[in-house]
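> See coords04.csv below, with CSV, C-alpha atoms.
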chain,number,residue,atom,x,y,z
A,1,GLU,CA,18.9,9.4,-5.6
A,2,GLY,CA,16.2,10.6,-3.2
A,3,THR,CA,15.8,12.3,0.1
A,4,ASP,CA,14.7,10.6,3.3
A,5,ALA,CA,11.4,12.3,4.4
A,6,LYS,CA,10.9,12.7,8.1
A,7,THR,CA,9.0,16.0,8.4
A,8,ALA,CA,5.5,17.2,9.0
A,9,ALA,CA,2.4,17.6,6.8
A,10,ASP,CA,2.6,19.6,3.6
A,11,ALA,CA,6.2,18.7,3.1
A,12,LYS,CA,7.8,18.8,-0.3
A,13,PHE,CA,10.5,16.3,-1.4
A,14,THR,CA,12.6,16.6,-4.5
A,15,PHE,CA,14.3,13.6,-6.1
A,16,SER,CA,16.8,14.8,-8.7
A,17,GLY,CA,18.9,13.0,-11.3
A,18,ILE,CA,16.7,10.0,-11.7
A,19,ASP,CA,16.4,8.5,-15.2
A,20,ALA,CA,13.5,6.9,-17.0
A,21,GLY,CA,12.4,3.6,-15.3
A,22,VAL,CA,10.1,2.0,-12.7
A,23,TYR,CA,10.3,3.3,-9.2
A,24,LYS,CA,8.7,2.6,-5.8
A,25,LEU,CA,8.2,5.3,-3.2
A,26,VAL,CA,8.0,3.8,0.3
A,27,GLU,CA,7.1,5.6,3.5
A,28,SER,CA,9.7,4.2,5.9
A,29,THR,CA,8.6,6.2,8.9
A,30,THR,CA,5.0,7.2,9.5
A,31,PRO,CA,4.6,10.6,11.2
A,32,THR,CA,2.6,10.4,14.5
A,33,GLY,CA,-1.1,10.8,13.9
A,34,TYR,CA,-1.0,9.7,10.3
A,35,ASN,CA,-1.8,6.5,8.5
A,36,THR,CA,1.0,4.7,6.6
A,37,ILE,CA,0.5,5.1,2.9
A,38,GLU,CA,0.7,2.1,0.5
A,39,ASP,CA,3.9,1.8,-1.5
A,40,GLN,CA,3.6,4.1,-4.6
A,41,ILE,CA,4.8,2.5,-7.8
A,42,PHE,CA,5.3,4.7,-10.8
A,43,THR,CA,7.0,4.6,-14.2
A,44,ILE,CA,8.9,7.5,-15.8
A,45,THR,CA,9.2,7.5,-19.6
A,46,ALA,CA,11.3,10.1,-21.5
A,47,THR,CA,11.9,10.6,-25.2
A,48,HIS,CA,14.9,12.5,-26.5
A,49,ASP,CA,15.8,13.9,-29.9
A,50,LEU,CA,19.1,12.1,-30.3
A,51,GLU,CA,19.6,13.1,-34.0
A,52,SER,CA,20.2,16.8,-33.4
A,53,ASP,CA,23.5,18.4,-32.5
A,54,ASN,CA,22.0,19.4,-29.2
A,55,PRO,CA,19.9,16.4,-28.0
A,56,THR,CA,16.8,17.6,-26.1
A,57,LEU,CA,13.9,16.1,-24.2
A,58,THR,CA,10.9,15.8,-26.5
A,59,ALA,CA,8.4,13.9,-24.3
A,60,LEU,CA,8.1,13.1,-20.6
A,61,THR,CA,5.4,11.0,-19.0
A,62,GLY,CA,4.7,9.5,-15.6
A,63,THR,CA,2.3,6.7,-15.1
A,64,ASP,CA,1.3,5.7,-11.6
A,65,GLY,CA,-1.4,2.9,-11.7
A,66,ALA,CA,-4.1,5.5,-10.7
A,67,GLN,CA,-2.5,6.1,-7.3
A,68,PHE,CA,-1.7,9.8,-7.8
A,69,THR,CA,-1.5,12.3,-10.7
A,70,MET,CA,1.8,13.2,-12.3
A,71,THR,CA,2.2,16.5,-14.1
A,72,PRO,CA,5.1,16.7,-16.6
A,73,SER,CA,7.1,19.8,-17.5
A,74,ILE,CA,9.3,19.3,-20.6
A,75,SER,CA,10.9,22.7,-20.2
A,76,ASP,CA,12.8,21.7,-17.1
A,77,GLY,CA,12.4,17.9,-17.4
A,78,SER,CA,10.4,17.5,-14.2
A,79,LEU,CA,7.4,15.6,-13.0
A,80,THR,CA,5.3,16.8,-10.1
A,81,ALA,CA,2.9,14.6,-8.0
A,82,ASP,CA,0.7,15.2,-5.0
A,83,ILE,CA,0.5,12.2,-2.6
A,84,GLU,CA,-1.9,12.5,0.2
A,85,ASN,CA,-1.0,11.2,3.6
A,86,LYS,CA,-4.2,10.9,5.7
A,87,GLN,CA,-4.5,11.8,9.3
A,88,GLY,CA,-6.3,9.5,11.8
A,89,THR,CA,-6.1,6.0,13.0
A,90,GLU,CA,-6.3,2.9,10.9
A,91,LEU,CA,-9.2,0.6,11.7
A,92,PRO,CA,-8.2,-3.0,12.7
A,93,SER,CA,-8.6,-5.6,10.0
A,94,THR,CA,-11.4,-8.1,10.3
A,95,GLY,CA,-11.5,-11.7,9.4
A,96,GLY,CA,-8.3,-13.6,8.7
A,97,ALA,CA,-6.8,-16.4,10.7
A,98,GLY,CA,-8.3,-15.2,14.0
A,99,THR,CA,-11.8,-15.9,13.0
A,100,THR,CA,-10.8,-19.4,11.6
A,101,ILE,CA,-9.7,-20.4,15.1
A,102,PHE,CA,-13.0,-19.4,16.6
A,103,TYR,CA,-14.8,-21.5,13.9
A,104,ILE,CA,-12.7,-24.5,14.7
A,105,VAL,CA,-13.2,-24.2,18.5
A,106,GLY,CA,-16.9,-23.7,18.0
A,107,ALA,CA,-17.2,-26.8,15.8
A,108,ILE,CA,-15.3,-28.9,18.4
A,109,LEU,CA,-17.6,-27.6,21.2
A,110,VAL,CA,-20.7,-28.5,19.1
A,111,VAL,CA,-19.4,-32.0,18.3
A,112,GLY,CA,-18.5,-32.5,22.0
A,113,ALA,CA,-22.0,-31.3,23.1
A,114,SER,CA,-23.6,-33.7,20.6
A,115,VAL,CA,-21.6,-36.7,21.8
A,116,LEU,CA,-22.4,-35.8,25.4
A,117,LEU,CA,-26.1,-35.5,24.6
A,118,ILE,CA,-26.2,-38.8,22.7
A,119,THR,CA,-24.3,-40.6,25.5
A,120,ARG,CA,-26.7,-39.3,28.2
A,121,ARG,CA,-29.7,-40.3,26.2
A,122,ARG,CA,-28.4,-43.9,25.8
A,123,MET,CA,-27.5,-44.1,29.5
A,124,SER,CA,-31.0,-42.9,30.6
A,125,ALA,CA,-32.7,-45.4,28.2
A,126,ARG,CA,-31.2,-48.4,30.0
Can the structure in the file be given as structure tokens, please?

Amino acid sequence: EGTDAKTAADAKFTFSGIDAGVYKLVESTTPTGYNTIEDQIFTITATHDLESDNPTLTALTGTDGAQFTMTPSISDGSLTADIENKQGTELPSTGGAGTTIFYIVGAILVVGASVLLITRRRMSAR
């Protein structure tokens, strides 16, 4: 189980007692002045020596889909990762449904102007 993170820059958060599996780290509250980070999905894989009288951890890896680097430590069974939360403002997205509306309105205006021009020419030709 993890810890809710609601502190300033350079904060460190520890999640203890989690087992091998797939996890998603989500920034639920973005600090003022920072950009919201994308969800961080990572997989923890652990191998244990189950045949011995004292089962021990023999391999520990963390894969992250190239979002951040995980450093394993078999001696204490931990993984460490640095995740950068960038300061600044996010630029507004461009394109999308907003531009489609402008294209449709523009096309209607062009068709309307064409119809008006053709109608005026026919009226003046009479």
> Given only C-alpha atoms as the basis, pick out the residue of A:Thr56, A:Thr29, A:Ser114, A:Thr14 nearest to A:Thr80.
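Among the listed residues, the smallest separation from A:Thr80 belongs to A:Thr14.
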> Ranking A:Gly21, A:Pro55, A:Gly88, A:Gly77 by minimum distance to A:Tyr34 and counting all atoms listed in the file, which one comes first?
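Between A:Gly21, A:Pro55, A:Gly88, A:Gly77, the residue approaching A:Tyr34 most closely is A:Gly88.
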> For A:Ile41, work out the shell of residues within 7 Å, counting all atoms listed in the file and skipping chain neighbours fewer than 2 positions away, then give it as number ranges by chain.
A: 23-25, 39, 64
> Taking C-alpha atoms for each residue, export the selection above as an mmCIF file, in the frame of the given file.

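In the end it all went to part-v8.cif:
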data_model
loop_
_atom_site.group_PDB
_atom_site.id
_atom_site.type_symbol
_atom_site.label_atom_id
_atom_site.label_comp_id
_atom_site.auth_asym_id
_atom_site.auth_seq_id
_atom_site.Cartn_x
_atom_site.Cartn_y
_atom_site.Cartn_z
ATOM 1 C CA TYR A 23 10.300 3.300 -9.200
ATOM 2 C CA LYS A 24 8.700 2.600 -5.800
ATOM 3 C CA LEU A 25 8.200 5.300 -3.200
ATOM 4 C CA ASP A 39 3.900 1.800 -1.500
ATOM 5 C CA ASP A 64 1.300 5.700 -11.600
#
> Report, in Å to a single decimal, how far apart atom CA of A:Val105 and atom CA of A:Arg120 are.
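Atom CA of A:Val105 lies 22.5 Å from atom CA of A:Arg120.
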> Which is closest to A:Ile83 among A:Ile44, A:Leu50, A:Val115, A:Ile37, if we use all atoms listed in the file?
A:Ile37
> Report as a PyMOL selection string all protein, DNA and RNA residues lying within 9 Å of A:Leu79, evaluated on all atoms listed in the file, omitting residues in the same chain fewer than 6 positions from it.
chain A and resi 44+60-62+70-73
> Find the distance between atom CA of A:Thr100 and atom CA of A:Leu117 and write it in Å to one decimal.
25.7 Å
> To one decimal place, how far is atom CA of A:Val22 from atom CA of A:Ala46 in Å?
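For atom CA of A:Val22 relative to atom CA of A:Ala46, the distance reads 12.0 Å.
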> Measuring between all atoms listed in the file, which one of A:Gln87, A:Glu51, A:Ile18, A:Ala59 shows the shortest distance to A:Asn35?
A:Gln87
> With all atoms listed in the file as the atoms that count, which of A:Thr63, A:Thr58, A:Thr47, A:Thr36 lies nearest to A:Asn85?
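Closest to A:Asn85, using all atoms listed in the file: A:Thr36.
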> Would you please work out which residue, of A:Tyr103, A:Gly98, A:Lys86, A:Leu116, is nearest to A:Pro31 when using only C-alpha atoms?
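Answer, going by the shortest atom-to-atom distance: A:Lys86.
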> Could I get stretch 10-107 of chain A from the block written out with C-alpha atoms, as a PDB file, in the first residue's frame?

ATOM      1  CA  ASP A  10      12.250  16.936  -4.410  1.00  0.00           C
ATOM      2  CA  ALA A  11       9.879  14.875  -2.270  1.00  0.00           C
ATOM      3  CA  LYS A  12      10.549  11.185  -1.729  1.00  0.00           C
ATOM      4  CA  PHE A  13       7.805   8.637  -1.381  1.00  0.00           C
ATOM      5  CA  THR A  14       8.144   5.067  -0.182  1.00  0.00           C
ATOM      6  CA  PHE A  15       5.745   2.277  -1.058  1.00  0.00           C
ATOM      7  CA  SER A  16       6.424  -0.769   1.093  1.00  0.00           C
ATOM      8  CA  GLY A  17       5.075  -4.269   1.159  1.00  0.00           C
ATOM      9  CA  ILE A  18       4.114  -4.450  -2.513  1.00  0.00           C
ATOM     10  CA  ASP A  19       4.595  -7.712  -4.344  1.00  0.00           C
ATOM     11  CA  ALA A  20       5.597  -8.521  -7.911  1.00  0.00           C
ATOM     12  CA  GLY A  21       2.992  -7.323 -10.408  1.00  0.00           C
ATOM     13  CA  VAL A  22       1.884  -4.466 -12.652  1.00  0.00           C
ATOM     14  CA  TYR A  23       1.305  -1.075 -11.030  1.00  0.00           C
ATOM     15  CA  LYS A  24       0.150   2.395 -12.083  1.00  0.00           C
ATOM     16  CA  LEU A  25       1.378   5.510 -10.308  1.00  0.00           C
ATOM     17  CA  VAL A  26      -1.115   8.382 -10.701  1.00  0.00           C
ATOM     18  CA  GLU A  27      -0.609  12.000  -9.670  1.00  0.00           C
ATOM     19  CA  SER A  28      -4.004  12.739  -8.134  1.00  0.00           C
ATOM     20  CA  THR A  29      -3.206  16.324  -7.102  1.00  0.00           C
ATOM     21  CA  THR A  30      -0.793  18.461  -9.106  1.00  0.00           C
ATOM     22  CA  PRO A  31       1.245  20.962  -7.047  1.00  0.00           C
ATOM     23  CA  THR A  32       0.733  24.617  -7.996  1.00  0.00           C
ATOM     24  CA  GLY A  33       3.198  25.663 -10.698  1.00  0.00           C
ATOM     25  CA  TYR A  34       3.821  22.111 -11.963  1.00  0.00           C
ATOM     26  CA  ASN A  35       2.500  20.151 -14.929  1.00  0.00           C
ATOM     27  CA  THR A  36       0.491  16.993 -14.278  1.00  0.00           C
ATOM     28  CA  ILE A  37       2.611  13.964 -15.114  1.00  0.00           C
ATOM     29  CA  GLU A  38       1.275  11.135 -17.235  1.00  0.00           C
ATOM     30  CA  ASP A  39       0.282   7.953 -15.424  1.00  0.00           C
ATOM     31  CA  GLN A  40       3.410   5.881 -14.788  1.00  0.00           C
ATOM     32  CA  ILE A  41       2.848   2.167 -15.486  1.00  0.00           C
ATOM     33  CA  PHE A  42       5.546  -0.252 -14.345  1.00  0.00           C
ATOM     34  CA  THR A  43       6.049  -3.965 -13.699  1.00  0.00           C
ATOM     35  CA  ILE A  44       7.940  -5.501 -10.786  1.00  0.00           C
ATOM     36  CA  THR A  45       9.348  -8.994 -11.278  1.00  0.00           C
ATOM     37  CA  ALA A  46      10.951 -10.958  -8.425  1.00  0.00           C
ATOM     38  CA  THR A  47      12.556 -14.408  -8.370  1.00  0.00           C
ATOM     39  CA  HIS A  48      13.000 -16.327  -5.109  1.00  0.00           C
ATOM     40  CA  ASP A  49      15.059 -19.415  -4.224  1.00  0.00           C
ATOM     41  CA  LEU A  50      12.183 -21.533  -2.926  1.00  0.00           C
ATOM     42  CA  GLU A  51      14.190 -24.777  -2.666  1.00  0.00           C
ATOM     43  CA  SER A  52      16.428 -23.698   0.216  1.00  0.00           C
ATOM     44  CA  ASP A  53      15.588 -23.885   3.916  1.00  0.00           C
ATOM     45  CA  ASN A  54      15.748 -20.099   4.015  1.00  0.00           C
ATOM     46  CA  PRO A  55      14.056 -18.810   0.802  1.00  0.00           C
ATOM     47  CA  THR A  56      15.781 -15.667  -0.448  1.00  0.00           C
ATOM     48  CA  LEU A  57      15.337 -13.123  -3.202  1.00  0.00           C
ATOM     49  CA  THR A  58      17.621 -14.001  -6.132  1.00  0.00           C
ATOM     50  CA  ALA A  59      16.540 -11.492  -8.802  1.00  0.00           C
ATOM     51  CA  LEU A  60      14.583  -8.262  -8.845  1.00  0.00           C
ATOM     52  CA  THR A  61      13.705  -6.164 -11.883  1.00  0.00           C
ATOM     53  CA  GLY A  62      11.466  -3.270 -12.677  1.00  0.00           C
ATOM     54  CA  THR A  63      10.361  -2.416 -16.197  1.00  0.00           C
ATOM     55  CA  ASP A  64       8.703   0.849 -16.916  1.00  0.00           C
ATOM     56  CA  GLY A  65       8.006   1.260 -20.637  1.00  0.00           C
ATOM     57  CA  ALA A  66      10.882   3.818 -20.944  1.00  0.00           C
ATOM     58  CA  GLN A  67       9.109   6.344 -18.708  1.00  0.00           C
ATOM     59  CA  PHE A  68      11.725   6.325 -15.938  1.00  0.00           C
ATOM     60  CA  THR A  69      14.710   4.252 -14.807  1.00  0.00           C
ATOM     61  CA  MET A  70      14.405   1.737 -11.977  1.00  0.00           C
ATOM     62  CA  THR A  71      17.458   0.636  -9.998  1.00  0.00           C
ATOM     63  CA  PRO A  72      17.079  -2.683  -8.135  1.00  0.00           C
ATOM     64  CA  SER A  73      18.777  -3.658  -4.872  1.00  0.00           C
ATOM     65  CA  ILE A  74      18.589  -7.367  -4.078  1.00  0.00           C
ATOM     66  CA  SER A  75      20.199  -6.921  -0.647  1.00  0.00           C
ATOM     67  CA  ASP A  76      17.172  -5.076   0.741  1.00  0.00           C
ATOM     68  CA  GLY A  77      14.592  -6.029  -1.931  1.00  0.00           C
ATOM     69  CA  SER A  78      13.977  -2.491  -3.106  1.00  0.00           C
ATOM     70  CA  LEU A  79      13.566  -0.633  -6.375  1.00  0.00           C
ATOM     71  CA  THR A  80      14.401   3.042  -6.729  1.00  0.00           C
ATOM     72  CA  ALA A  81      13.139   5.372  -9.454  1.00  0.00           C
ATOM     73  CA  ASP A  82      13.382   9.092 -10.159  1.00  0.00           C
ATOM     74  CA  ILE A  83      10.276  10.586 -11.752  1.00  0.00           C
ATOM     75  CA  GLU A  84      10.570  14.198 -12.874  1.00  0.00           C
ATOM     76  CA  ASN A  85       7.643  16.538 -12.343  1.00  0.00           C
ATOM     77  CA  LYS A  86       8.292  19.581 -14.553  1.00  0.00           C
ATOM     78  CA  GLN A  87       7.533  23.153 -13.583  1.00  0.00           C
ATOM     79  CA  GLY A  88       5.779  25.572 -15.905  1.00  0.00           C
ATOM     80  CA  THR A  89       2.485  25.777 -17.656  1.00  0.00           C
ATOM     81  CA  GLU A  90       1.114  23.332 -20.155  1.00  0.00           C
ATOM     82  CA  LEU A  91       0.486  24.679 -23.612  1.00  0.00           C
ATOM     83  CA  PRO A  92      -3.086  24.367 -24.857  1.00  0.00           C
ATOM     84  CA  SER A  93      -3.704  21.558 -27.293  1.00  0.00           C
ATOM     85  CA  THR A  94      -4.358  22.449 -30.906  1.00  0.00           C
ATOM     86  CA  GLY A  95      -6.641  20.815 -33.429  1.00  0.00           C
ATOM     87  CA  GLY A  96      -9.383  18.525 -32.299  1.00  0.00           C
ATOM     88  CA  ALA A  97     -13.133  19.158 -32.509  1.00  0.00           C
ATOM     89  CA  GLY A  98     -12.770  22.953 -32.238  1.00  0.00           C
ATOM     90  CA  THR A  99     -11.117  23.285 -35.641  1.00  0.00           C
ATOM     91  CA  THR A 100     -13.647  20.943 -37.249  1.00  0.00           C
ATOM     92  CA  ILE A 101     -16.444  23.340 -36.312  1.00  0.00           C
ATOM     93  CA  PHE A 102     -14.577  26.214 -37.992  1.00  0.00           C
ATOM     94  CA  TYR A 103     -14.126  24.121 -41.160  1.00  0.00           C
ATOM     95  CA  ILE A 104     -17.856  23.295 -41.289  1.00  0.00           C
ATOM     96  CA  VAL A 105     -18.951  26.916 -40.700  1.00  0.00           C
ATOM     97  CA  GLY A 106     -16.428  28.096 -43.321  1.00  0.00           C
ATOM     98  CA  ALA A 107     -17.707  25.578 -45.878  1.00  0.00           C
TER      99      ALA A 107
END
